[in-house]
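Asker: You'll find start.txt just under this line, and it carries compact mmCIF, C-alpha atoms.
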# COMPACT_ATOMS: atom_id res chain seq x y z
CA PRO A 1 0.00 0.00 0.00
CA GLN A 2 1.01 3.61 -0.56
CA GLY A 3 2.67 5.21 2.44
CA ALA A 4 1.47 8.30 4.24
CA THR A 5 1.81 11.63 2.45
CA ALA A 6 1.37 15.21 3.57
CA GLN A 7 -2.14 15.23 2.07
CA ARG A 8 -3.01 11.75 3.35
CA PRO A 9 -1.08 11.76 6.63
CA ASN A 10 -0.77 9.35 9.48
CA VAL A 11 -2.86 10.46 12.46
CA LEU A 12 -1.58 10.23 16.03
CA VAL A 13 -4.32 11.05 18.54
CA VAL A 14 -2.77 11.66 21.95
CA ALA A 15 -5.65 11.65 24.44
CA VAL A 16 -4.88 12.59 28.03
CA ASP A 17 -7.51 11.48 30.51
CA THR A 18 -8.59 14.12 33.06
CA LEU A 19 -6.42 16.98 31.75
CA ARG A 20 -7.69 20.45 32.61
CA ALA A 21 -7.11 23.04 29.91
CA ASP A 22 -5.71 25.51 32.43
CA ARG A 23 -2.72 23.27 33.17
CA LEU A 24 -1.10 24.03 29.81
CA GLY A 25 1.36 26.89 29.65
CA CYS A 26 0.00 27.87 26.23
CA LEU A 27 -3.39 28.36 27.90
CA GLY A 28 -2.06 30.49 30.72
CA ASN A 29 -0.52 28.22 33.33
CA THR A 30 2.73 29.58 34.81
CA ARG A 31 4.07 26.47 36.60
CA GLY A 32 5.98 25.06 33.64
CA LEU A 33 4.08 21.78 33.64
CA THR A 34 3.74 21.23 29.89
CA PRO A 35 6.79 22.33 27.88
CA ASN A 36 6.25 19.62 25.26
CA LEU A 37 2.56 20.34 24.77
CA ASP A 38 3.36 24.05 24.63
CA ARG A 39 5.89 23.42 21.86
CA LEU A 40 3.33 21.35 20.00
CA ALA A 41 0.79 24.18 20.33
CA ALA A 42 3.32 26.73 19.09
CA SER A 43 3.93 24.59 15.99
CA GLY A 44 0.26 23.97 15.18
CA VAL A 45 -3.31 25.08 15.75
CA LEU A 46 -4.43 25.63 19.34
CA PHE A 47 -8.16 25.77 20.03
CA GLU A 48 -8.30 28.09 23.02
CA ARG A 49 -11.96 27.34 23.80
CA ALA A 50 -12.56 23.65 23.18
CA TYR A 51 -15.22 21.86 25.18
CA SER A 52 -16.06 18.23 25.82
CA SER A 53 -19.55 16.78 25.35
CA ALA A 54 -19.55 15.16 28.81
CA PRO A 55 -17.71 15.41 32.14
CA TRP A 56 -16.55 11.79 32.19
CA THR A 57 -14.76 9.32 29.97
CA LEU A 58 -17.26 6.99 28.30
CA PRO A 59 -19.76 9.51 26.86
CA SER A 60 -17.00 12.02 26.13
CA PHE A 61 -14.90 9.67 24.00
CA ALA A 62 -18.03 8.24 22.39
CA SER A 63 -18.92 11.77 21.26
CA MET A 64 -15.42 12.27 19.89
CA PHE A 65 -15.51 9.01 17.96
CA THR A 66 -19.10 9.23 16.65
CA SER A 67 -19.42 13.02 16.37
CA GLN A 68 -22.78 12.79 18.12
CA ALA A 69 -24.13 14.21 21.36
CA PRO A 70 -24.31 11.80 24.32
CA GLU A 71 -28.11 11.69 24.21
CA GLU A 72 -27.90 10.58 20.58
CA HIS A 73 -25.16 7.93 20.75
CA GLY A 74 -26.44 6.66 24.10
CA ALA A 75 -23.12 5.55 25.60
CA GLY A 76 -22.67 6.53 29.23
CA GLY A 77 -25.22 6.11 31.98
CA ARG A 78 -24.22 6.29 35.63
CA VAL A 79 -22.78 4.18 38.42
CA GLY A 80 -24.65 0.90 38.44
CA ASP A 81 -26.15 1.46 34.99
CA PHE A 82 -23.39 1.95 32.43
CA ARG A 83 -24.29 1.72 28.74
CA ALA A 84 -21.92 0.72 25.96
CA LEU A 85 -21.79 2.26 22.50
CA ASP A 86 -24.04 0.25 20.22
CA ALA A 87 -22.33 -1.38 17.24
CA SER A 88 -24.75 0.34 14.86
CA HIS A 89 -22.93 3.66 15.33
CA ASP A 90 -20.32 4.71 12.78
CA THR A 91 -16.99 5.72 14.31
CA LEU A 92 -13.92 7.66 13.31
CA ALA A 93 -11.75 4.53 13.43
CA GLU A 94 -14.16 2.63 11.19
CA ARG A 95 -14.03 5.39 8.59
CA PHE A 96 -10.22 5.40 8.60
CA ARG A 97 -10.00 1.60 8.54
CA ASP A 98 -12.36 1.44 5.57
CA ALA A 99 -10.24 4.07 3.80
CA GLY A 100 -7.16 1.81 4.03
CA TYR A 101 -5.55 3.04 7.24
CA ALA A 102 -3.98 0.70 9.78
CA THR A 103 -5.83 1.50 13.02
CA GLY A 104 -4.50 0.92 16.51
CA ALA A 105 -5.26 1.97 20.07
CA VAL A 106 -3.38 1.93 23.36
CA VAL A 107 -5.94 2.44 26.15
CA ASN A 108 -5.78 2.36 29.91
CA VAL A 109 -9.33 2.39 31.28
CA ASP A 110 -12.13 -0.11 30.81
CA PHE A 111 -14.57 2.50 29.44
CA LEU A 112 -12.29 2.83 26.41
CA GLY A 113 -11.92 -0.91 25.92
CA ARG A 114 -13.73 -3.40 23.72
CA ALA A 115 -16.38 -4.14 26.34
CA TYR A 116 -17.93 -0.68 26.04
CA GLY A 117 -17.90 -0.53 22.25
CA LEU A 118 -15.43 2.32 21.77
CA MET A 119 -12.84 0.20 20.00
CA GLN A 120 -15.06 -0.27 16.92
CA GLY A 121 -12.80 0.12 13.90
CA PHE A 122 -9.51 -0.31 15.73
CA GLU A 123 -7.79 -3.40 14.34
CA SER A 124 -5.02 -3.47 16.94
CA VAL A 125 -6.09 -2.84 20.55
CA ASP A 126 -3.66 -2.82 23.47
CA GLU A 127 -5.96 -2.43 26.45
CA ARG A 128 -4.60 -2.52 29.98
CA PHE A 129 -6.77 -1.81 32.98
CA TYR A 130 -7.33 -2.93 36.53
CA ALA A 131 -10.04 -3.19 39.16
CA ASP A 132 -8.79 -0.08 40.93
CA ASN A 133 -7.17 3.24 40.06
CA THR A 134 -3.95 2.53 41.92
CA HIS A 135 -2.42 -0.09 39.63
CA LEU A 136 -2.17 1.15 36.07
CA ARG A 137 0.09 1.30 33.06
CA ASP A 138 1.82 4.60 33.57
CA ALA A 139 2.81 7.19 30.98
CA ARG A 140 6.15 5.54 30.25
CA GLY A 141 4.45 2.22 29.57
CA THR A 142 1.87 3.96 27.39
CA THR A 143 4.57 5.63 25.29
CA ASP A 144 6.40 2.30 24.97
CA ALA A 145 3.20 0.61 23.77
CA ALA A 146 2.56 3.38 21.23
CA LEU A 147 6.10 3.02 19.90
CA ALA A 148 5.58 -0.74 19.63
CA PHE A 149 2.61 -0.04 17.37
CA LEU A 150 4.80 2.20 15.20
CA ASP A 151 7.34 -0.64 14.98
CA ARG A 152 4.62 -2.85 13.48
CA ALA A 153 2.90 -0.28 11.30
CA GLY A 154 5.10 -0.64 8.22
CA SER A 155 4.41 1.68 5.30
CA THR A 156 0.61 1.74 5.56
CA PRO A 157 -0.82 5.07 6.78
CA PHE A 158 -1.97 4.69 10.38
CA LEU A 159 -4.47 6.09 12.84
CA LEU A 160 -3.14 5.54 16.36
CA LEU A 161 -4.91 6.46 19.60
CA ALA A 162 -2.49 6.78 22.54
CA HIS A 163 -4.46 7.22 25.76
CA TYR A 164 -2.60 8.49 28.86
CA PHE A 165 -4.31 7.98 32.21
CA ASP A 166 -1.88 9.40 34.80
CA PRO A 167 -3.62 12.70 35.73
CA HIS A 168 -6.71 10.72 36.72
CA ALA A 169 -7.05 10.17 40.47
CA ARG A 170 -5.19 8.53 42.29
CA TYR A 171 -2.43 11.17 42.17
CA ALA A 172 0.85 9.29 42.51
CA PRO A 173 3.55 10.95 40.41
CA PRO A 174 7.08 9.56 40.04
CA ALA A 175 9.62 10.85 42.53
CA GLU A 176 11.29 13.25 40.07
CA TYR A 177 8.03 15.08 39.37
CA ARG A 178 6.89 14.89 42.98
CA ALA A 179 10.13 16.65 43.97
CA ARG A 180 9.59 19.42 41.41
CA PHE A 181 5.89 20.16 41.67
CA ALA A 182 4.34 18.77 44.88
CA ASP A 183 3.75 20.67 48.10
CA PRO A 184 7.02 20.87 50.09
CA ARG A 185 5.53 18.43 52.63
CA ASP A 186 5.08 15.83 49.88
CA GLN A 187 8.20 16.28 47.77
CA LYS A 188 10.30 13.61 49.41
CA GLY A 189 7.82 10.89 50.17
CA SER A 190 4.36 9.51 49.51
CA ALA A 191 2.91 9.41 53.01
CA PHE A 192 0.13 11.74 51.82
CA ASP A 193 -1.87 9.48 49.52
CA PHE A 194 -4.87 10.95 47.75
CA GLY A 195 -7.46 9.83 45.22
CA ALA A 196 -7.78 6.05 45.58
CA ARG A 197 -11.14 4.77 44.36
CA GLU A 198 -12.32 3.97 47.88
CA GLN A 199 -11.61 7.56 48.91
CA VAL A 200 -13.53 8.93 45.94
CA THR A 201 -16.52 6.74 46.81
CA LEU A 202 -16.45 7.79 50.47
CA TRP A 203 -16.27 11.45 49.45
CA ARG A 204 -19.30 11.04 47.18
CA ALA A 205 -21.20 9.50 50.11
CA ARG A 206 -19.98 12.39 52.31
CA ARG A 207 -18.50 9.92 54.75
CA ILE A 208 -15.11 11.63 54.70
CA GLN A 209 -14.34 15.35 54.74
CA PRO A 210 -10.85 16.20 53.48
CA THR A 211 -9.79 19.73 54.36
CA PRO A 212 -9.11 22.51 51.84
CA ASP A 213 -5.43 21.98 52.60
CA ASP A 214 -5.75 18.32 51.66
CA PHE A 215 -7.24 19.32 48.31
CA HIS A 216 -4.49 21.88 47.79
CA ARG A 217 -1.85 19.19 48.31
CA ALA A 218 -3.76 16.80 46.05
CA GLU A 219 -3.95 19.43 43.31
CA LEU A 220 -0.18 19.89 43.34
CA LEU A 221 0.27 16.13 43.04
CA TYR A 222 -2.13 16.26 40.08
CA ASP A 223 0.11 18.94 38.56
CA ALA A 224 3.09 16.63 38.97
CA GLU A 225 1.19 13.87 37.15
CA VAL A 226 0.46 16.31 34.31
CA ALA A 227 4.16 17.21 34.09
CA TYR A 228 5.18 13.54 33.99
CA THR A 229 2.63 12.82 31.26
CA ASP A 230 3.88 15.81 29.26
CA ALA A 231 7.44 14.46 29.41
CA GLU A 232 6.37 11.06 28.10
CA ILE A 233 4.30 12.62 25.32
CA GLY A 234 7.44 14.58 24.45
CA ARG A 235 9.36 11.30 24.19
CA LEU A 236 6.71 9.92 21.82
CA LEU A 237 6.82 13.05 19.63
CA ASP A 238 10.63 13.06 19.59
CA GLU A 239 10.62 9.45 18.45
CA LEU A 240 8.10 10.30 15.73
CA SER A 241 10.58 12.87 14.41
CA ARG A 242 13.58 10.56 14.77
CA ARG A 243 11.81 7.98 12.63
CA GLY A 244 11.17 10.54 9.90
CA LEU A 245 7.40 10.42 10.39
CA ALA A 246 6.73 13.96 11.62
CA GLN A 247 6.16 15.66 8.25
CA ASN A 248 3.51 13.16 7.20
CA THR A 249 1.77 12.79 10.57
CA LEU A 250 -1.07 14.89 11.94
CA VAL A 251 -0.66 15.01 15.72
CA VAL A 252 -3.82 15.59 17.74
CA LEU A 253 -3.65 16.40 21.45
CA VAL A 254 -7.00 16.28 23.25
CA ALA A 255 -8.53 15.44 26.62
CA ASP A 256 -11.84 13.85 27.51
CA HIS A 257 -12.60 16.07 30.52
CA GLY A 258 -10.94 17.99 33.34
CA GLU A 259 -10.81 17.66 37.12
CA GLU A 260 -12.35 19.73 39.91
CA PHE A 261 -10.47 20.87 43.00
CA LEU A 262 -13.22 22.72 44.90
CA ASP A 263 -13.84 25.14 42.00
CA HIS A 264 -17.54 24.74 42.77
CA GLY A 265 -17.15 23.11 46.16
CA ASP A 266 -16.59 19.59 44.89
CA TRP A 267 -13.78 17.30 43.77
CA GLU A 268 -12.88 14.87 40.98
CA HIS A 269 -15.04 14.63 37.84
CA GLY A 270 -18.20 13.24 36.27
CA HIS A 271 -20.57 15.22 38.47
CA THR A 272 -21.17 18.66 36.87
CA PRO A 273 -21.10 20.46 33.52
CA TYR A 274 -18.99 23.36 34.84
CA ASP A 275 -15.98 24.32 32.78
CA GLU A 276 -13.31 22.92 35.09
CA LEU A 277 -14.65 19.61 33.75
CA LEU A 278 -15.67 20.57 30.19
CA HIS A 279 -12.90 22.94 29.03
CA VAL A 280 -10.20 20.74 27.52
CA PRO A 281 -7.00 21.27 25.54
CA TRP A 282 -7.13 20.58 21.81
CA ILE A 283 -4.14 20.98 19.50
CA LEU A 284 -3.59 19.93 15.87
CA ALA A 285 -0.10 19.97 14.39
CA GLN A 286 1.44 18.84 11.11
CA PRO A 287 4.74 20.46 10.09
CA GLY A 288 4.69 22.11 6.68
CA ARG A 289 0.94 21.79 6.22
CA LEU A 290 -0.65 23.46 9.26
CA VAL A 291 0.28 27.10 9.84
CA PRO A 292 0.65 27.85 13.56
CA ARG A 293 -2.25 29.86 14.93
CA ARG A 294 -4.60 30.19 17.89
CA VAL A 295 -8.34 29.80 17.36
CA PRO A 296 -10.43 31.91 19.78
CA GLU A 297 -13.87 30.69 18.73
CA THR A 298 -15.78 28.07 20.69
CA VAL A 299 -15.46 24.52 19.33
CA GLY A 300 -16.43 21.10 20.64
CA THR A 301 -14.60 17.80 20.66
CA ILE A 302 -17.70 16.56 18.80
CA ASP A 303 -16.03 18.31 15.84
CA LEU A 304 -12.95 16.09 16.03
CA ALA A 305 -14.08 13.20 13.79
CA PRO A 306 -15.33 15.28 10.81
CA THR A 307 -12.28 17.55 11.02
CA LEU A 308 -9.77 14.68 11.00
CA ALA A 309 -11.63 12.84 8.24
CA ALA A 310 -11.68 15.88 5.96
CA TRP A 311 -8.04 16.73 6.66
CA CYS A 312 -6.98 13.24 5.59
CA GLY A 313 -9.32 12.86 2.64
CA VAL A 314 -11.35 10.17 4.40
CA PRO A 315 -15.11 10.16 3.73
CA ALA A 316 -17.00 11.38 6.78
CA SER A 317 -19.97 9.42 8.00
CA PRO A 318 -23.41 10.88 7.23
CA SER A 319 -24.15 10.36 10.93
CA PHE A 320 -21.42 12.80 12.07
CA ARG A 321 -23.08 15.86 13.63
CA GLY A 322 -20.01 17.99 14.34
CA ARG A 323 -18.35 20.53 12.07
CA ASP A 324 -15.29 20.22 9.87
CA LEU A 325 -13.12 22.97 11.34
CA ALA A 326 -11.12 23.44 8.13
CA PRO A 327 -11.92 27.19 8.00
CA ALA A 328 -10.26 27.68 11.39
CA LEU A 329 -7.24 25.67 10.26
CA ARG A 330 -6.89 28.11 7.34
CA GLY A 331 -7.13 31.12 9.65
CA GLU A 332 -10.74 32.01 8.85
CA ALA A 333 -13.28 32.94 11.50
CA LEU A 334 -15.73 30.22 12.47
CA PRO A 335 -19.46 30.97 12.49
CA PRO A 336 -21.15 30.75 15.90
CA SER A 337 -22.17 27.31 17.07
CA ALA A 338 -24.14 25.99 20.03
CA LEU A 339 -22.59 23.18 22.08
CA LEU A 340 -24.37 20.59 24.19
CA ALA A 341 -22.96 18.71 27.16
CA PHE A 342 -24.74 15.91 28.98
CA GLY A 343 -24.10 13.35 31.69
CA ASN A 344 -23.39 12.61 35.33
CA PHE A 345 -21.31 9.60 36.36
CA TRP A 346 -22.66 9.73 39.90
CA GLY A 347 -26.38 10.42 39.54
CA PRO A 348 -29.21 11.88 37.47
CA PRO A 349 -27.95 13.52 34.28
CA LEU A 350 -27.18 17.21 33.96
CA GLU A 351 -27.37 19.16 30.73
CA SER A 352 -25.80 22.35 29.46
CA LEU A 353 -26.04 24.46 26.32
CA ARG A 354 -23.30 26.94 25.41
CA SER A 355 -24.22 29.64 22.90
CA ASP A 356 -23.08 33.16 22.05
CA GLY A 357 -20.99 33.62 25.18
CA TRP A 358 -23.65 32.23 27.53
CA LYS A 359 -24.11 28.87 29.18
CA TRP A 360 -27.37 27.37 30.39
CA ILE A 361 -27.41 24.44 32.84
CA GLU A 362 -30.49 22.36 33.63
CA HIS A 363 -30.97 19.83 36.41
CA ARG A 364 -33.83 17.92 34.80
CA ALA A 365 -33.92 15.13 37.35
CA ASP A 366 -33.70 17.45 40.38
CA ALA A 367 -36.68 19.81 40.45
CA ALA A 368 -35.46 21.34 43.68
CA ARG A 369 -32.30 22.64 42.02
CA PRO A 370 -32.87 25.77 39.93
CA PRO A 371 -31.40 26.17 36.44
CA GLU A 372 -28.25 28.22 36.01
CA LEU A 373 -27.20 30.84 33.48
CA PHE A 374 -23.64 32.13 33.22
CA HIS A 375 -22.08 34.72 30.95
CA VAL A 376 -18.94 32.69 30.49
CA VAL A 377 -17.06 35.45 28.67
CA ASP A 378 -17.26 37.89 31.60
CA ASP A 379 -17.57 35.17 34.26
CA PRO A 380 -15.35 32.26 33.15
CA ARG A 381 -15.41 30.73 36.65
CA GLU A 382 -19.21 30.46 36.48
CA SER A 383 -19.71 32.14 39.83
CA VAL A 384 -22.76 34.38 39.23
CA ASN A 385 -26.02 32.67 38.28
CA ARG A 386 -27.95 35.14 36.11
CA ALA A 387 -30.97 32.94 35.38
CA ALA A 388 -33.27 35.17 37.45
CA THR A 389 -31.88 38.51 36.26
CA VAL A 390 -31.41 37.95 32.51
CA ARG A 391 -34.73 36.26 31.88
CA SER A 392 -34.88 36.80 28.13
CA ARG A 393 -31.57 35.03 27.57
CA ALA A 394 -32.48 32.26 30.01
CA GLU A 395 -35.81 31.64 28.28
CA GLN A 396 -34.19 31.61 24.84
CA LEU A 397 -31.57 29.04 25.83
CA GLU A 398 -34.18 26.95 27.59
CA ARG A 399 -36.22 26.88 24.35
CA ASP A 400 -33.12 26.15 22.27
CA LEU A 401 -32.19 23.21 24.48
CA GLU A 402 -35.70 21.79 24.24
CA LEU A 403 -35.61 22.05 20.44
CA LEU A 404 -32.27 20.28 20.32
CA ARG A 405 -33.62 17.49 22.51
CA ARG A 406 -36.40 16.85 20.01
CA VAL A 407 -33.98 16.23 17.12
CA LEU A 408 -31.58 13.95 19.01
Do you think you could lay out the structure here as structure tokens?
Answerer:
Amino acid sequence: PQGATAQRPNVLVVAVDTLRADRLGCLGNTRGLTPNLDRLAASGVLFERAYSSAPWTLPSFASMFTSQAPEEHGAGGRVGDFRALDASHDTLAERFRDAGYATGAVVNVDFLGRAYGLMQGFESVDERFYADNTHLRDARGTTDAALAFLDRAGSTPFLLLAHYFDPHARYAPPAEYRARFADPRDQKGSAFDFGAREQVTLWRARRIQPTPDDFHRAELLYDAEVAYTDAEIGRLLDELSRRGLAQNTLVVLVADHGEEFLDHGDWEHGHTPYDELLHVPWILAQPGRLVPRRVPETVGTIDLAPTLAAWCGVPASPSFRGRDLAPALRGEALPPSALLAFGNFWGPPLESLRSDGWKWIEHRADAARPPELFHVVDDPRESVNRAATVRSRAEQLERDLELLRRVL
């Protein structure tokens, strides 16, 4: 088969689980956590305002792969009632496989594995997961597995998903990164252990009450995990260049969701549609073909599949609902677009609609909890609920959300 070319490139999708957008230096962080991702952003297209379709892994990745909203593709659910992606859905990997690409995935959580349907179209699947969040294949092992796929790929153009799990709780960075980024009390040892699955479950049941200082220390350990993951992604990208693959490879950096550290009085993820969980990094880079630029308009990771397909000359599925972001890649302004988010890992689903600088949140299953309206341009931390004071906007978004529900 013909090898990859600049116009029909390999595609390397680097997906970092639980990576907040505000941890990247290119998006404003000053701690120096992500030098490799920052270099990637400087060499490619950085979407400054990219948002996930869900605040947890299964529905978020399903939306990326199917380019459909969670209520349409149906994958997700909640604790005790998880739902896989049905085989009838057309996925990004299936489109690339059918177009002659070798498709492979390295994944580190069960929601991304074969059992939940998200590996449809991936011919080679290296899935490694455990019954807890303490034992896992770390970032070094993930990079090694991705390089092993490249060793086997031969001359056929490839689509490779490399999924890094380290920033996900439990926060247990290697000693080198602990020493550089953790709280001084935690730089030399791991006596402070935070984020094991049992602890998360007890927190959700409100049977434990960590202090704000505990969460501060946990957040710095999270930062150290981000820095470690960045270093291993850098090793993967360096090896891509060393093998002479960089010019003919589109590199995609994306996350499925973020992580909360008391931004709205809670912790971890899956539980709200606030932006600490929905705002994610998204970078596209291909030397010589993509001109470096920053895109300020709002985009969704639901746009990922149609954008990658069009960039590589692969026919998009008629079922894809997202946009091909080619105009933004050329430096053109994107027309306004409304973005849905849906889901709650821990309980009844929450919904949000982002449109024209505003964000509407509904708690459909909790009548006692009022809806929320935020002007996310002026109030990016979503701290002032304007649902009662800007009634015309609230009513319009409520109507828009209801109309969208009817077509899904």
Asker: Under the rule that all atoms listed in the file are counted, which of A:Glu48, A:Glu332, A:Asp166, A:Asp366 is the nearest residue to Gly300 (chain A)?
Answerer: A:Glu48
Asker: Can you write out as a Markdown table which residues of region 35-112 of chain A fall within 12 Å of region 6-16 of chain A, alongside each residue's closest atom pair and its distance in Å to one decimal, counting all atoms listed in the file and ordering rows by chain and ascending residue number?
Answerer:
| residue | atom | partner | partner_atom | distance |
| --- | --- | --- | --- | --- |
| A:Leu37 | CA | A:Val14 | CA | 10.6 |
| A:Leu40 | CA | A:Val14 | CA | 11.6 |
| A:Thr57 | CA | A:Val16 | CA | 10.6 |
| A:Ser60 | CA | A:Ala15 | CA | 11.5 |
| A:Phe61 | CA | A:Ala15 | CA | 9.5 |
| A:Met64 | CA | A:Ala15 | CA | 10.8 |
| A:Phe65 | CA | A:Val13 | CA | 11.4 |
| A:Leu92 | CA | A:Val11 | CA | 11.4 |
| A:Ala93 | CA | A:Val11 | CA | 10.7 |
| A:Phe96 | CA | A:Val11 | CA | 9.7 |
| A:Ala99 | CA | A:Arg8 | CA | 10.6 |
| A:Gly100 | CA | A:Arg8 | CA | 10.8 |
| A:Tyr101 | CA | A:Asn10 | CA | 8.2 |
| A:Ala102 | CA | A:Asn10 | CA | 9.2 |
| A:Thr103 | CA | A:Val11 | CA | 9.5 |
| A:Gly104 | CA | A:Leu12 | CA | 9.8 |
| A:Ala105 | CA | A:Val13 | CA | 9.3 |
| A:Val106 | CA | A:Val14 | CA | 9.9 |
| A:Val107 | CA | A:Ala15 | CA | 9.4 |
| A:Asn108 | CA | A:Val16 | CA | 10.4 |
| A:Val109 | CA | A:Val16 | CA | 11.6 |
| A:Leu112 | CA | A:Ala15 | CA | 11.2 |
Asker: What is the CA of Val254 (chain A) to CA of Val384 (chain A) distance in Å?
Answerer: 28.8 Å
Asker: If I take CA of Gly77 (chain A) and CA of Gly347 (chain A), how far is one from the other in Å, to one decimal?
Answerer: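 Taking CA of Gly77 (chain A) and CA of Gly347 (chain A), their separation equals 8.8 Å.
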Asker: May I ask for the distance between CA of Arg323 (chain A) and CA of Asp303 (chain A), given in Å to one decimal place?
Answerer: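 It comes out at 5.0 Å.
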Asker: Compare A:Leu290, A:Ala162, A:Ala246, A:Leu408 by their minimum atom-to-atom distance to Gly331 (chain A), counting only C-alpha atoms, and give me the closest one.
Answerer: A:Leu290
Asker: At a cut-off of 10 Å around the point (-12.6, 23.6, 41.6) (file coordinates), what residues fall inside when counting all atoms listed in the file? I'd like the answer as a list in words.
Answerer: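 The residues near that point, listed by chain and number, are Phe215, Glu219, Glu259, Glu260, Phe261, Leu262, Asp263, His264, Gly265, Asp266, Trp267, Glu268, Tyr274, Asp275, Glu276, Leu277 and Arg381 of chain A.
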Asker: Enumerate, as a ChimeraX atom specification, the protein, DNA and RNA residues whose atoms approach (-19.3, 7.2, 30.5) to within 8 Å, taking into account only C-alpha atoms and the coordinate frame of the file.
Answerer: /A:56-60,75-78,82-83,111,343,345
Asker: Which residue is closest to Gln286 (chain A)? Choose from A:Phe194, A:Trp203, A:Tyr222, A:Trp311 and count all atoms listed in the file.
Answerer: A:Trp311
Asker: With only C-alpha atoms as the basis for distance, which of A:Asp110, A:Leu308, A:Thr66, A:Leu150 is at the shortest distance from Gly244 (chain A)?
Answerer: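 Going through A:Asp110, A:Leu308, A:Thr66, A:Leu150 one by one, the smallest distance to Gly244 (chain A) is for A:Leu150.
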Asker: When you look at Thr91 (chain A) with a cut-off of 9 Å (counting all atoms listed in the file), what residues show up, excluding the ones that are within fewer than 6 positions of it in the same chain? I need them as an MDAnalysis selection string.
Answerer: chainID A and resid 62 64:67 118:121 305 317 320
Asker: Once you add 4 Å to each side, what are the centre and edge lengths of the axis-aligned box holding all listed atoms of region 212-217 of chain A? One decimal in Å, as lines of an AutoDock Vina configuration file, if you can.
Answerer:
center_x = -5.5
center_y = 20.4
center_z = 50.2
size_x = 15.3
size_y = 12.2
size_z = 12.8
Asker: So, counting only C-alpha atoms, which residue among A:His163, A:Arg31, A:Arg321, A:Arg95 is closest to Ala139 (chain A)?
Answerer: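 Looking at the shortest contact to Ala139 (chain A), the residue is A:His163.
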Asker: Rank A:Ala87, A:Ala69, A:Leu147, A:Leu220 by their smallest atom-to-atom distance to Val407 (chain A), using only C-alpha atoms, and report the top residue only.
Answerer: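 Comparing A:Ala87, A:Ala69, A:Leu147, A:Leu220 against Val407 (chain A), the winner is A:Ala69.
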Asker: Please identify all polymer residues within 12 Å of region 390-397 of chain A, counting all atoms listed in the file, omitting same-chain residues fewer than 3 positions from it, and present them as an mmCIF file with C-alpha atoms, in the coordinates of the input.
Answerer:
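Result went into result-v9.cif, see below:
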data_model
loop_
_atom_site.group_PDB
_atom_site.id
_atom_site.type_symbol
_atom_site.label_atom_id
_atom_site.label_comp_id
_atom_site.auth_asym_id
_atom_site.auth_seq_id
_atom_site.Cartn_x
_atom_site.Cartn_y
_atom_site.Cartn_z
ATOM 1 C CA ALA A 338 -24.140 25.990 20.030
ATOM 2 C CA LEU A 339 -22.590 23.180 22.080
ATOM 3 C CA LEU A 340 -24.370 20.590 24.190
ATOM 4 C CA GLU A 351 -27.370 19.160 30.730
ATOM 5 C CA SER A 352 -25.800 22.350 29.460
ATOM 6 C CA LEU A 353 -26.040 24.460 26.320
ATOM 7 C CA ARG A 354 -23.300 26.940 25.410
ATOM 8 C CA SER A 355 -24.220 29.640 22.900
ATOM 9 C CA ASP A 356 -23.080 33.160 22.050
ATOM 10 C CA GLY A 357 -20.990 33.620 25.180
ATOM 11 C CA TRP A 358 -23.650 32.230 27.530
ATOM 12 C CA LYS A 359 -24.110 28.870 29.180
ATOM 13 C CA TRP A 360 -27.370 27.370 30.390
ATOM 14 C CA ILE A 361 -27.410 24.440 32.840
ATOM 15 C CA GLU A 362 -30.490 22.360 33.630
ATOM 16 C CA PRO A 370 -32.870 25.770 39.930
ATOM 17 C CA PRO A 371 -31.400 26.170 36.440
ATOM 18 C CA GLU A 372 -28.250 28.220 36.010
ATOM 19 C CA LEU A 373 -27.200 30.840 33.480
ATOM 20 C CA PHE A 374 -23.640 32.130 33.220
ATOM 21 C CA HIS A 375 -22.080 34.720 30.950
ATOM 22 C CA VAL A 384 -22.760 34.380 39.230
ATOM 23 C CA ASN A 385 -26.020 32.670 38.280
ATOM 24 C CA ARG A 386 -27.950 35.140 36.110
ATOM 25 C CA ALA A 387 -30.970 32.940 35.380
ATOM 26 C CA ASP A 400 -33.120 26.150 22.270
ATOM 27 C CA LEU A 401 -32.190 23.210 24.480
ATOM 28 C CA GLU A 402 -35.700 21.790 24.240
ATOM 29 C CA LEU A 403 -35.610 22.050 20.440
ATOM 30 C CA LEU A 404 -32.270 20.280 20.320
#
